[in-house]
$ cat upload.txt   # compact mmCIF, C-alpha atoms (C1' of nucleotides)
# COMPACT_ATOMS: atom_id res chain seq x y z
CA MET Z 1 16.89 2.18 14.69
CA LYS Z 2 19.60 3.36 12.35
CA ARG Z 3 19.12 6.16 9.89
CA ASN Z 4 21.34 8.75 8.33
CA PRO Z 5 20.04 12.04 9.72
CA SER Z 6 21.82 14.21 7.16
CA THR Z 7 19.92 15.41 4.12
CA ALA Z 8 22.00 15.26 0.97
CA THR Z 9 22.55 18.34 -1.18
CA PRO Z 10 22.67 17.77 -4.95
CA ASN Z 11 26.51 17.92 -4.98
CA GLN Z 12 26.74 15.28 -2.27
CA LEU Z 13 24.30 12.98 -3.98
CA SER Z 14 26.73 11.43 -6.43
CA GLU Z 15 29.13 10.48 -3.61
CA GLN Z 16 26.30 8.99 -1.60
CA LEU Z 17 25.13 6.97 -4.57
CA ALA Z 18 28.70 5.78 -5.21
CA ALA Z 19 29.10 4.77 -1.57
CA THR Z 20 26.16 2.39 -2.02
CA GLY Z 21 27.47 1.05 -5.32
CA PHE Z 22 25.20 3.10 -7.59
CA ARG Z 23 26.28 5.34 -10.44
CA SER Z 24 25.32 8.99 -10.52
CA THR Z 25 23.09 9.65 -13.51
CA GLN Z 26 21.26 12.72 -14.76
CA GLN Z 27 17.95 10.97 -14.14
CA ARG Z 28 18.74 10.12 -10.51
CA GLN Z 29 19.89 13.69 -9.89
CA ARG Z 30 16.75 15.05 -11.49
CA VAL Z 31 14.43 12.78 -9.53
CA TYR Z 32 16.17 13.80 -6.33
CA ASP Z 33 15.92 17.48 -7.28
CA VAL Z 34 12.19 17.09 -7.89
CA LEU Z 35 11.72 15.68 -4.40
CA MET Z 36 13.78 18.47 -2.84
CA GLU Z 37 12.10 21.28 -4.80
CA LYS Z 38 8.60 20.70 -3.52
CA ARG Z 39 8.35 18.60 -0.39
CA ASP Z 40 4.74 17.61 -0.73
CA HIS Z 41 5.22 13.82 -0.73
CA PRO Z 42 4.51 13.21 -4.42
CA THR Z 43 3.67 9.80 -5.85
CA ALA Z 44 5.93 8.18 -8.46
CA GLU Z 45 3.63 9.47 -11.18
CA GLU Z 46 3.76 13.03 -9.86
CA VAL Z 47 7.55 12.80 -9.72
CA PHE Z 48 7.51 11.57 -13.31
CA LEU Z 49 5.40 14.50 -14.51
CA ARG Z 50 7.61 17.06 -12.76
CA ALA Z 51 10.85 15.42 -13.87
CA LYS Z 52 9.65 15.39 -17.48
CA GLN Z 53 9.40 19.18 -17.58
CA ALA Z 54 13.19 19.53 -17.58
CA MET Z 55 13.90 16.08 -19.03
CA PRO Z 56 11.22 15.20 -21.59
CA ASP Z 57 12.63 11.78 -22.46
CA ILE Z 58 12.60 10.32 -18.96
CA SER Z 59 10.36 7.29 -18.62
CA MET Z 60 8.09 6.05 -15.86
CA ALA Z 61 10.18 2.88 -15.43
CA THR Z 62 13.28 5.01 -14.92
CA VAL Z 63 11.52 7.09 -12.29
CA TYR Z 64 10.65 3.92 -10.36
CA ASN Z 65 14.20 2.74 -10.88
CA CYS Z 66 15.69 6.02 -9.63
CA LEU Z 67 13.38 6.22 -6.64
CA ASP Z 68 14.38 2.69 -5.71
CA ALA Z 69 18.09 3.55 -5.96
CA LEU Z 70 17.58 6.70 -3.86
CA VAL Z 71 15.69 4.75 -1.20
CA LYS Z 72 18.41 2.07 -1.11
CA THR Z 73 21.07 4.78 -0.89
CA GLY Z 74 19.26 6.17 2.12
CA VAL Z 75 18.53 9.69 0.91
CA VAL Z 76 14.80 9.20 0.29
CA ARG Z 77 12.06 7.45 2.21
CA GLN Z 78 9.13 5.61 0.71
CA VAL Z 79 5.93 6.46 2.54
CA LYS Z 80 2.81 4.35 2.21
CA ILE Z 81 -0.10 6.26 3.66
CA GLU Z 82 -3.22 5.35 1.73
CA ARG Z 83 -4.11 2.25 -0.26
CA GLY Z 84 -3.09 3.92 -3.50
CA ALA Z 85 0.29 4.87 -4.85
CA ALA Z 86 3.39 5.10 -2.65
CA ARG Z 87 4.70 8.56 -1.84
CA PHE Z 88 8.31 9.70 -1.56
CA CYS Z 89 9.96 12.08 0.84
CA PRO Z 90 13.58 13.35 1.03
CA ASN Z 91 13.30 14.15 4.76
CA MET Z 92 15.51 11.57 6.46
CA HIS Z 93 15.20 13.02 9.95
CA GLU Z 94 13.05 11.06 12.38
CA HIS Z 95 9.55 12.25 11.78
CA TRP Z 96 6.02 11.00 11.32
CA HIS Z 97 3.30 11.85 8.86
CA PHE Z 98 -0.07 13.47 9.15
CA HIS Z 99 -2.46 12.66 6.32
CA CYS Z 100 -5.37 15.05 5.82
CA THR Z 101 -8.49 13.17 4.83
CA GLY Z 102 -9.95 16.45 3.58
CA CYS Z 103 -7.42 17.65 1.02
CA GLY Z 104 -5.26 14.53 0.78
CA GLY Z 105 -2.15 16.43 1.81
CA VAL Z 106 0.64 14.84 3.82
CA PHE Z 107 2.48 16.86 6.46
CA ASP Z 108 5.79 16.08 8.18
CA MET Z 109 5.64 16.15 11.97
CA ASP Z 110 8.72 16.31 14.18
CA GLN Z 111 9.23 13.26 16.32
CA PRO Z 112 10.29 13.92 19.91
CA ASP Z 113 13.48 12.12 20.94
CA ASN Z 114 11.76 9.97 23.54
CA ALA Z 115 8.74 9.06 21.38
CA CYS Z 116 9.74 5.44 20.87
CA ASP Z 117 9.96 4.93 24.62
CA ALA Z 118 6.17 5.13 24.68
CA PHE Z 119 6.02 1.79 22.87
CA PRO Z 120 7.55 -0.91 25.07
CA LEU Z 121 8.67 -3.92 23.04
CA PRO Z 122 8.08 -7.50 24.24
CA LYS Z 123 11.22 -9.55 24.88
CA GLY Z 124 13.06 -10.80 21.81
CA PHE Z 125 11.72 -8.31 19.25
CA LYS Z 126 14.24 -6.03 17.57
CA ILE Z 127 12.98 -2.87 15.90
CA ASP Z 128 14.80 -1.71 12.80
CA GLN Z 129 12.42 0.95 11.54
CA PHE Z 130 9.39 2.75 12.94
CA GLU Z 131 6.54 4.13 10.86
CA ILE Z 132 3.89 6.38 12.26
CA ALA Z 133 1.01 7.94 10.37
CA ALA Z 134 -2.01 9.80 11.64
CA HIS Z 135 -5.17 10.51 9.66
CA GLY Z 136 -7.37 13.50 10.30
CA LEU Z 137 -8.00 17.10 9.26
CA CYS Z 138 -5.36 19.75 8.68
CA PRO Z 139 -5.98 23.29 10.02
CA ALA Z 140 -7.36 24.55 6.69
CA CYS Z 141 -9.78 21.64 6.17
CA SER Z 142 -10.74 21.62 9.83
CA SER Z 143 -11.82 25.26 9.86
CA ALA Z 144 -13.54 24.89 6.48
CA ARG Z 145 -15.64 22.07 7.90
CA ASN Z 146 -16.74 24.10 10.91
CA LYS Z 147 -18.93 26.37 8.80
CA MET O 1 -9.62 9.23 18.19
CA LYS O 2 -12.87 7.26 18.19
CA ARG O 3 -13.00 3.52 17.79
CA ASN O 4 -15.32 0.81 19.00
CA PRO O 5 -13.24 -1.16 21.49
CA SER O 6 -15.57 -4.16 21.60
CA THR O 7 -14.79 -7.17 19.46
CA ALA O 8 -17.90 -8.68 17.88
CA THR O 9 -18.78 -12.35 18.39
CA PRO O 10 -20.36 -14.13 15.43
CA ASN O 11 -23.88 -13.81 16.90
CA GLN O 12 -23.48 -10.07 17.35
CA LEU O 13 -22.17 -9.58 13.84
CA SER O 14 -25.55 -9.49 12.09
CA GLU O 15 -26.79 -6.74 14.43
CA GLN O 16 -23.63 -4.73 13.93
CA LEU O 17 -23.93 -5.04 10.17
CA ALA O 18 -27.59 -4.01 10.35
CA ALA O 19 -26.72 -0.99 12.48
CA THR O 20 -24.49 0.25 9.68
CA GLY O 21 -27.10 -0.47 7.00
CA PHE O 22 -25.63 -3.75 5.78
CA ARG O 23 -27.40 -7.07 5.48
CA SER O 24 -26.12 -10.16 7.20
CA THR O 25 -25.10 -12.75 4.65
CA GLN O 26 -23.47 -16.16 4.88
CA GLN O 27 -20.42 -14.85 3.05
CA ARG O 28 -19.90 -11.92 5.42
CA GLN O 29 -20.25 -14.21 8.41
CA ARG O 30 -17.81 -16.66 6.89
CA VAL O 31 -15.22 -13.99 6.08
CA TYR O 32 -15.50 -12.68 9.63
CA ASP O 33 -15.16 -16.20 11.04
CA VAL O 34 -12.01 -16.74 8.99
CA LEU O 35 -10.44 -13.61 10.46
CA MET O 36 -11.40 -14.62 14.01
CA GLU O 37 -10.24 -18.24 13.66
CA LYS O 38 -6.60 -17.48 12.92
CA ARG O 39 -5.47 -13.99 13.80
CA ASP O 40 -2.41 -13.89 11.62
CA HIS O 41 -3.34 -10.81 9.56
CA PRO O 42 -4.15 -12.62 6.30
CA THR O 43 -4.33 -10.87 2.94
CA ALA O 44 -7.58 -10.82 0.96
CA GLU O 45 -6.33 -13.77 -1.07
CA GLU O 46 -5.51 -15.80 2.04
CA VAL O 47 -8.98 -15.03 3.41
CA PHE O 48 -10.44 -16.19 0.10
CA LEU O 49 -8.55 -19.52 0.21
CA ARG O 50 -9.62 -20.21 3.80
CA ALA O 51 -13.23 -19.14 3.25
CA LYS O 52 -13.47 -21.44 0.21
CA GLN O 53 -12.80 -24.52 2.30
CA ALA O 54 -16.24 -24.31 3.91
CA MET O 55 -17.88 -22.34 1.10
CA PRO O 56 -16.47 -23.51 -2.25
CA ASP O 57 -18.54 -21.13 -4.39
CA ILE O 58 -17.39 -17.90 -2.78
CA SER O 59 -15.56 -15.58 -5.17
CA MET O 60 -12.61 -13.27 -4.80
CA ALA O 61 -14.76 -10.23 -5.58
CA THR O 62 -17.16 -11.19 -2.81
CA VAL O 63 -14.30 -11.52 -0.34
CA TYR O 64 -13.18 -7.98 -1.17
CA ASN O 65 -16.79 -6.86 -0.93
CA CYS O 66 -17.28 -8.53 2.45
CA LEU O 67 -14.01 -7.20 3.85
CA ASP O 68 -15.04 -3.73 2.78
CA ALA O 69 -18.42 -4.07 4.51
CA LEU O 70 -16.77 -5.40 7.68
CA VAL O 71 -14.29 -2.51 7.72
CA LYS O 72 -17.09 0.02 7.22
CA THR O 73 -19.11 -1.65 9.97
CA GLY O 74 -16.13 -1.20 12.26
CA VAL O 75 -15.47 -4.82 13.23
CA VAL O 76 -12.36 -5.29 11.10
CA ARG O 77 -9.34 -3.11 10.40
CA GLN O 78 -7.45 -2.91 7.15
CA VAL O 79 -3.71 -2.91 7.75
CA LYS O 80 -1.25 -1.82 5.11
CA ILE O 81 2.21 -2.85 6.18
CA GLU O 82 4.23 -3.66 3.08
CA ARG O 83 3.90 -2.51 -0.50
CA GLY O 84 1.99 -5.66 -1.44
CA ALA O 85 -1.50 -6.81 -0.52
CA ALA O 86 -3.49 -5.26 2.31
CA ARG O 87 -3.94 -7.35 5.42
CA PHE O 88 -7.01 -7.63 7.65
CA CYS O 89 -7.33 -7.87 11.40
CA PRO O 90 -10.40 -8.29 13.64
CA ASN O 91 -8.64 -6.76 16.66
CA MET O 92 -10.37 -3.42 17.17
CA HIS O 93 -8.58 -2.56 20.40
CA GLU O 94 -5.95 0.16 20.22
CA HIS O 95 -2.81 -1.59 19.15
CA TRP O 96 0.10 -1.32 16.77
CA HIS O 97 1.77 -3.78 14.46
CA PHE O 98 5.19 -5.33 14.36
CA HIS O 99 6.21 -6.66 10.95
CA CYS O 100 9.01 -9.24 10.91
CA THR O 101 11.26 -8.69 7.91
CA GLY O 102 12.56 -12.23 8.38
CA CYS O 103 9.43 -14.39 8.20
CA GLY O 104 6.95 -11.75 7.02
CA GLY O 105 4.75 -12.29 10.07
CA VAL O 106 2.72 -9.48 11.62
CA PHE O 107 2.29 -9.31 15.40
CA ASP O 108 -0.19 -7.26 17.41
CA MET O 109 1.36 -5.09 20.13
CA ASP O 110 -0.59 -3.53 22.96
CA GLN O 111 -0.66 0.23 22.91
CA PRO O 112 -0.15 1.94 26.27
CA ASP O 113 -2.90 4.41 27.20
CA ASN O 114 -0.57 7.38 27.15
CA ALA O 115 1.21 6.46 23.93
CA CYS O 116 -0.35 9.20 21.82
CA ASP O 117 0.85 11.82 24.30
CA ALA O 118 4.36 11.16 22.97
CA PHE O 119 3.31 12.78 19.69
CA PRO O 120 2.38 16.42 20.32
CA LEU O 121 0.17 17.80 17.56
CA PRO O 122 0.71 21.29 16.10
CA LYS O 123 -2.17 23.74 16.52
CA GLY O 124 -5.16 23.20 14.26
CA PHE O 125 -4.59 19.54 13.37
CA LYS O 126 -7.27 17.08 14.44
CA ILE O 127 -6.34 13.39 14.61
CA ASP O 128 -9.04 10.90 13.74
CA GLN O 129 -6.98 7.72 13.51
CA PHE O 130 -3.45 6.71 14.41
CA GLU O 131 -1.43 4.02 12.65
CA ILE O 132 1.82 2.69 13.95
CA ALA O 133 3.94 -0.03 12.41
CA ALA O 134 7.43 -1.18 13.27
CA HIS O 135 9.66 -3.31 11.08
CA GLY O 136 12.32 -5.61 12.48
CA LEU O 137 12.98 -9.18 13.58
CA CYS O 138 10.70 -11.31 15.71
CA PRO O 139 12.24 -13.45 18.49
CA ALA O 140 12.44 -16.58 16.31
CA CYS O 141 14.07 -14.85 13.32
CA SER O 142 16.32 -12.81 15.59
CA SER O 143 17.81 -15.84 17.32
CA ALA O 144 18.07 -17.73 14.02
CA ARG O 145 20.14 -14.91 12.58
CA ASN O 146 22.56 -14.91 15.53
CA LYS O 147 24.07 -18.23 14.49
C1' DC R 1 35.69 -0.70 -22.75
C1' DT R 2 32.49 -2.96 -19.73
C1' DA R 3 29.16 -2.93 -16.30
C1' DT R 4 25.31 -0.53 -15.24
C1' DA R 5 21.31 2.41 -16.33
C1' DT R 6 17.77 4.00 -19.54
C1' DG R 7 13.58 3.66 -22.41
C1' DC R 8 10.06 1.20 -24.32
C1' DA R 9 6.49 -2.03 -24.18
C1' DA R 10 4.60 -5.94 -22.32
C1' DA R 11 3.69 -8.48 -17.97
C1' DT R 12 2.12 -8.81 -13.32
C1' DA R 13 -0.27 -8.12 -8.72
C1' DG R 14 -3.87 -6.30 -6.29
C1' DT R 15 -8.20 -4.45 -6.43
C1' DT R 16 -12.49 -2.56 -8.49
C1' DT R 17 -16.44 -2.54 -11.59
C1' DG R 18 -20.46 -3.82 -14.67
C1' DC R 19 -23.89 -6.76 -15.29
C1' DC R 20 -26.94 -10.29 -14.51
C1' DT R 21 -28.79 -13.66 -11.12
C1' DG R 22 -29.68 -15.02 -6.29
C1' DT R 23 -30.86 -13.89 -1.48
C1' DT R 24 -32.28 -11.17 2.50
C1' DA R 25 -35.41 -8.40 5.20
C1' DT H 1 -40.95 -8.37 -3.73
C1' DA H 2 -37.80 -4.75 -3.92
C1' DA H 3 -33.37 -3.52 -2.69
C1' DC H 4 -29.16 -5.30 -1.77
C1' DA H 5 -25.41 -8.88 -2.27
C1' DG H 6 -23.00 -12.53 -4.90
C1' DG H 7 -20.47 -14.42 -8.89
C1' DC H 8 -18.06 -13.99 -13.05
C1' DA H 9 -15.12 -11.75 -16.17
C1' DA H 10 -13.25 -7.73 -17.75
C1' DA H 11 -11.17 -3.25 -16.48
C1' DC H 12 -8.02 -0.61 -13.97
C1' DT H 13 -4.01 1.14 -11.16
C1' DA H 14 0.44 0.76 -9.46
C1' DT H 15 4.53 -1.43 -10.21
C1' DT H 16 7.93 -4.69 -12.27
C1' DT H 17 10.44 -6.95 -15.98
C1' DG H 18 12.86 -8.24 -20.48
C1' DC H 19 15.51 -6.59 -23.85
C1' DA H 20 18.04 -3.58 -26.93
C1' DT H 21 20.56 0.81 -26.78
C1' DA H 22 23.06 4.47 -24.34
C1' DT H 23 26.19 6.18 -20.77
C1' DA H 24 29.20 6.52 -16.51
C1' DG H 25 33.44 5.28 -14.44
$ encode --input "upload.txt" --output "structure tokens"
Amino acid sequence: MKRNPSTATPNQLSEQLAATGFRSTQQRQRVYDVLMEKRDHPTAEEVFLRAKQAMPDISMATVYNCLDALVKTGVVRQVKIERGAARFCPNMHEHWHFHCTGCGGVFDMDQPDNACDAFPLPKGFKIDQFEIAAHGLCPACSSARNK
Amino acid sequence: MKRNPSTATPNQLSEQLAATGFRSTQQRQRVYDVLMEKRDHPTAEEVFLRAKQAMPDISMATVYNCLDALVKTGVVRQVKIERGAARFCPNMHEHWHFHCTGCGGVFDMDQPDNACDAFPLPKGFKIDQFEIAAHGLCPACSSARNK
DNA sequence: CTATATGCAAATAGTTTGCCTGTTA
DNA sequence: TAACAGGCAAACTATTTGCATATAG
């Protein structure tokens, strides 16, 4: 399970893109900034809407393109929680996601170092990446439901 | 975390459907049989192709409809591993999925009883359902790559 | 200057829906 | 026989692609 645990700052981003063979563009910087500004696991469309505020000419296709480049560069993770649109998250530390079925929010949860040990792998299988998602109620929705 | 650990046999299926307010139909039985016959986590389209062999008039929309009813009845799980089509699995025991990035296959993995203890939940969150998927190479693809 | 990225619009994949007919309890 | 389910085609959502223009290195 290999993953770069460092989270890129905007200044580092262009080097990280270059290291993977990508060029640094205004759009890619902007898309990354959007993800860093509000870490609420937005969908591609939400990223598009936010990016457009400071960059009115950016297109949906470019947002998908940028997100793809950022994922391949290893500074963003694609998270697929529900059936619908994929969500994106700039938190590259080992963590798992909690999806609230009440408000639809997605919360990052720290992953203990030894967590993977709880899942013994049969002989011959080689894990590259682990994905863990829980569905339930967040504190706010849970207490709202108890009335 | 509540889930019915019993796996329905074809004869039980009509009662289980009825208990959830669904009628037992030939199509629903057939779709369930397809999933039980070959437990390779087929997509809706693959289920459709297999169901058609014994029931040539069944339609894609009905397959989606049936799968939805079976999921709501609690005898089938919808599994979303990759970006593409959802996959379906009649294994209702607690388990997690291993997705081979080589051959695209999906393998069921037993989940140890204490596995969830490895993921401590912050105060106020209430887990309803846990989903765990790992991506990597299965034994066959792993040894093929080592040449 | 040249490869790569953007922007637009059209294409595609997966899934859902409306509407009418058929089937189940 | 009344409510629910099936079948068909059209609609819809999320994403990808082709192509001409713009931009980074």
$ closest_atom_pairs --input "upload.txt" --of "chain O" --to "chain Z" --cutoff "10 Å" --atoms "all atoms listed in the file" --output "CSV"
residue,atom,partner,partner_atom,distance
O:Met1,CA,Z:Gly136,CA,9.2
O:Gln78,CA,Z:Arg83,CA,9.6
O:Val79,CA,Z:Arg83,CA,9.5
O:Lys80,CA,Z:Arg83,CA,7.3
O:Ile81,CA,Z:Lys80,CA,8.2
O:Glu82,CA,Z:Lys80,CA,8.2
O:Arg83,CA,Z:Lys80,CA,7.5
O:Ala85,CA,Z:Arg83,CA,9.4
O:Ala86,CA,Z:Arg83,CA,8.0
O:Trp96,CA,Z:Phe119,CA,9.1
O:His97,CA,Z:Glu131,CA,9.9
O:Phe98,CA,Z:Ile127,CA,8.3
O:His99,CA,Z:Ile127,CA,9.2
O:Cys100,CA,Z:Phe125,CA,8.8
O:Thr101,CA,Z:Asp128,CA,9.2
O:Met109,CA,Z:Leu121,CA,8.0
O:Asp110,CA,Z:Phe119,CA,8.5
O:Gln111,CA,Z:Phe119,CA,6.9
O:Pro112,CA,Z:Phe119,CA,7.0
O:Asp113,CA,Z:Ala118,CA,9.4
O:Asn114,CA,Z:Ala118,CA,7.5
O:Ala115,CA,Z:Ala118,CA,5.2
O:Cys116,CA,Z:Ala118,CA,8.2
O:Asp117,CA,Z:Ala118,CA,8.6
O:Ala118,CA,Z:Ala115,CA,5.1
O:Phe119,CA,Z:Ala115,CA,6.8
O:Pro120,CA,Z:Pro112,CA,8.3
O:Leu121,CA,Z:Met109,CA,8.0
O:Pro122,CA,Z:Met109,CA,8.2
O:Lys123,CA,Z:Pro139,CA,7.5
O:Gly124,CA,Z:Pro139,CA,4.3
O:Phe125,CA,Z:Cys138,CA,4.8
O:Lys126,CA,Z:Leu137,CA,5.2
O:Ile127,CA,Z:Gly136,CA,4.4
O:Asp128,CA,Z:Gly136,CA,4.6
O:Gln129,CA,Z:His135,CA,5.1
O:Phe130,CA,Z:Ala134,CA,4.4
O:Glu131,CA,Z:Ala133,CA,5.1
O:Ile132,CA,Z:Ile132,CA,4.6
O:Ala133,CA,Z:Glu131,CA,5.1
O:Ala134,CA,Z:Phe130,CA,4.4
O:His135,CA,Z:Gln129,CA,5.1
O:Gly136,CA,Z:Ile127,CA,4.4
O:Leu137,CA,Z:Lys126,CA,5.2
O:Cys138,CA,Z:Phe125,CA,4.8
O:Pro139,CA,Z:Gly124,CA,4.3
O:Ala140,CA,Z:Gly124,CA,8.0
O:Cys141,CA,Z:Phe125,CA,9.1
O:Ser142,CA,Z:Gly124,CA,7.3
O:Ser143,CA,Z:Gly124,CA,8.3
$ residues_around --input "upload.txt" --residues "DG18 in chain H" --least-positions-apart "5" --cutoff "10 Å" --atoms "all atoms listed in the file" --output "PyMOL selection string"
chain R and resi 9-11
$ atom_distance --input "upload.txt" --atom1 "CA of Arg50 in chain O" --atom2 "CA of Thr20 in chain O"
26.0 Å
$ residues_around --input "upload.txt" --residues "DT12 in chain R" --least-positions-apart "5" --cutoff "12 Å" --atoms "only C-alpha atoms (C1' of nucleotides)" --output "PyMOL selection string"
chain H and resi 13-17
$ closest_residue --input "upload.txt" --among "Z:Met36, Z:Val76, Z:Val63, Z:Val31" --to "chain R" --atoms "all atoms listed in the file"
Z:Val63
$ atom_distance --input "upload.txt" --atom1 "CA of Arg28 in chain O" --atom2 "C1' of DA5 in chain H"
9.9 Å
$ atom_distance --input "upload.txt" --atom1 "CA of Pro90 in chain O" --atom2 "CA of Asp108 in chain O"
10.9 Å
$ residues_around --input "upload.txt" --residues "DT17 in chain R" --least-positions-apart "2" --cutoff "10 Å" --atoms "all atoms listed in the file" --output "ChimeraX atom specification"
/O:61 /R:15,19 /H:10-12
$ closest_residue --input "upload.txt" --among "Z:Arg87, Z:Arg39, Z:Arg145, Z:His93" --to "chain H" --atoms "all atoms listed in the file"
Z:Arg87
$ residues_near_point --input "upload.txt" --point "(-31.0, -5.8, -2.2)" --cutoff "12 Å" --atoms "all atoms listed in the file" --output "MDAnalysis selection string"
(chainID O and resid 21:25) or (chainID R and resid 22:25) or (chainID H and resid 1:6)
$ closest_residue --input "upload.txt" --among "O:Asp33, O:Asp40, O:Glu15, O:Asp57" --to "Val106 in chain O" --atoms "only C-alpha atoms"
O:Asp40
$ closest_residue --input "upload.txt" --among "Z:Val34, Z:Met60, Z:Met92, Z:Gly105" --to "DG7 in chain R" --atoms "only C-alpha atoms (C1' of nucleotides)"
Z:Met60
$ decode --input "upload.txt" --residues "range 107-119 of chain O" --atoms "N, CA, C and O atoms" --output "PDB file, in the first residue's frame"
ATOM      1  N   PHE O 107     -13.510 -10.669  -5.739  1.00  0.00           N
ATOM      2  CA  PHE O 107     -13.491 -11.835  -4.867  1.00  0.00           C
ATOM      3  C   PHE O 107     -14.061 -11.484  -3.495  1.00  0.00           C
ATOM      4  O   PHE O 107     -13.753 -10.426  -2.948  1.00  0.00           O
ATOM      5  N   ASP O 108     -14.900 -12.362  -2.967  1.00  0.00           N
ATOM      6  CA  ASP O 108     -15.411 -12.179  -1.608  1.00  0.00           C
ATOM      7  C   ASP O 108     -14.345 -12.571  -0.596  1.00  0.00           C
ATOM      8  O   ASP O 108     -13.691 -13.600  -0.749  1.00  0.00           O
ATOM      9  N   MET O 109     -14.208 -11.763   0.459  1.00  0.00           N
ATOM     10  CA  MET O 109     -13.252 -12.068   1.528  1.00  0.00           C
ATOM     11  C   MET O 109     -14.009 -12.108   2.839  1.00  0.00           C
ATOM     12  O   MET O 109     -14.790 -11.198   3.127  1.00  0.00           O
ATOM     13  N   ASP O 110     -13.770 -13.126   3.626  1.00  0.00           N
ATOM     14  CA  ASP O 110     -14.430 -13.193   4.936  1.00  0.00           C
ATOM     15  C   ASP O 110     -14.001 -12.031   5.808  1.00  0.00           C
ATOM     16  O   ASP O 110     -12.859 -11.605   5.766  1.00  0.00           O
ATOM     17  N   GLN O 111     -14.934 -11.549   6.596  1.00  0.00           N
ATOM     18  CA  GLN O 111     -14.626 -10.442   7.498  1.00  0.00           C
ATOM     19  C   GLN O 111     -14.566 -10.958   8.926  1.00  0.00           C
ATOM     20  O   GLN O 111     -15.553 -11.461   9.453  1.00  0.00           O
ATOM     21  N   PRO O 112     -13.408 -10.834   9.567  1.00  0.00           N
ATOM     22  CA  PRO O 112     -13.292 -11.311  10.952  1.00  0.00           C
ATOM     23  C   PRO O 112     -14.286 -10.574  11.852  1.00  0.00           C
ATOM     24  O   PRO O 112     -14.605  -9.405  11.611  1.00  0.00           O
ATOM     25  N   ASP O 113     -14.746 -11.261  12.894  1.00  0.00           N
ATOM     26  CA  ASP O 113     -15.765 -10.697  13.784  1.00  0.00           C
ATOM     27  C   ASP O 113     -15.364  -9.345  14.358  1.00  0.00           C
ATOM     28  O   ASP O 113     -16.181  -8.453  14.508  1.00  0.00           O
ATOM     29  N   ASN O 114     -14.076  -9.222  14.686  1.00  0.00           N
ATOM     30  CA  ASN O 114     -13.639  -8.020  15.391  1.00  0.00           C
ATOM     31  C   ASN O 114     -13.130  -6.936  14.447  1.00  0.00           C
ATOM     32  O   ASN O 114     -12.548  -5.954  14.890  1.00  0.00           O
ATOM     33  N   ALA O 115     -13.349  -7.113  13.151  1.00  0.00           N
ATOM     34  CA  ALA O 115     -12.759  -6.207  12.176  1.00  0.00           C
ATOM     35  C   ALA O 115     -13.161  -4.750  12.407  1.00  0.00           C
ATOM     36  O   ALA O 115     -12.327  -3.851  12.336  1.00  0.00           O
ATOM     37  N   CYS O 116     -14.439  -4.536  12.701  1.00  0.00           N
ATOM     38  CA  CYS O 116     -14.918  -3.161  12.840  1.00  0.00           C
ATOM     39  C   CYS O 116     -14.300  -2.461  14.048  1.00  0.00           C
ATOM     40  O   CYS O 116     -14.254  -1.233  14.103  1.00  0.00           O
ATOM     41  N   ASP O 117     -13.811  -3.239  15.021  1.00  0.00           N
ATOM     42  CA  ASP O 117     -13.176  -2.640  16.188  1.00  0.00           C
ATOM     43  C   ASP O 117     -11.929  -1.859  15.791  1.00  0.00           C
ATOM     44  O   ASP O 117     -11.487  -0.978  16.530  1.00  0.00           O
ATOM     45  N   ALA O 118     -11.357  -2.191  14.636  1.00  0.00           N
ATOM     46  CA  ALA O 118     -10.136  -1.516  14.187  1.00  0.00           C
ATOM     47  C   ALA O 118     -10.424  -0.085  13.735  1.00  0.00           C
ATOM     48  O   ALA O 118      -9.505   0.678  13.487  1.00  0.00           O
ATOM     49  N   PHE O 119     -11.708   0.254  13.625  1.00  0.00           N
ATOM     50  CA  PHE O 119     -12.076   1.592  13.171  1.00  0.00           C
ATOM     51  C   PHE O 119     -12.887   2.321  14.224  1.00  0.00           C
ATOM     52  O   PHE O 119     -14.115   2.323  14.179  1.00  0.00           O
TER      53      PHE O 119
END
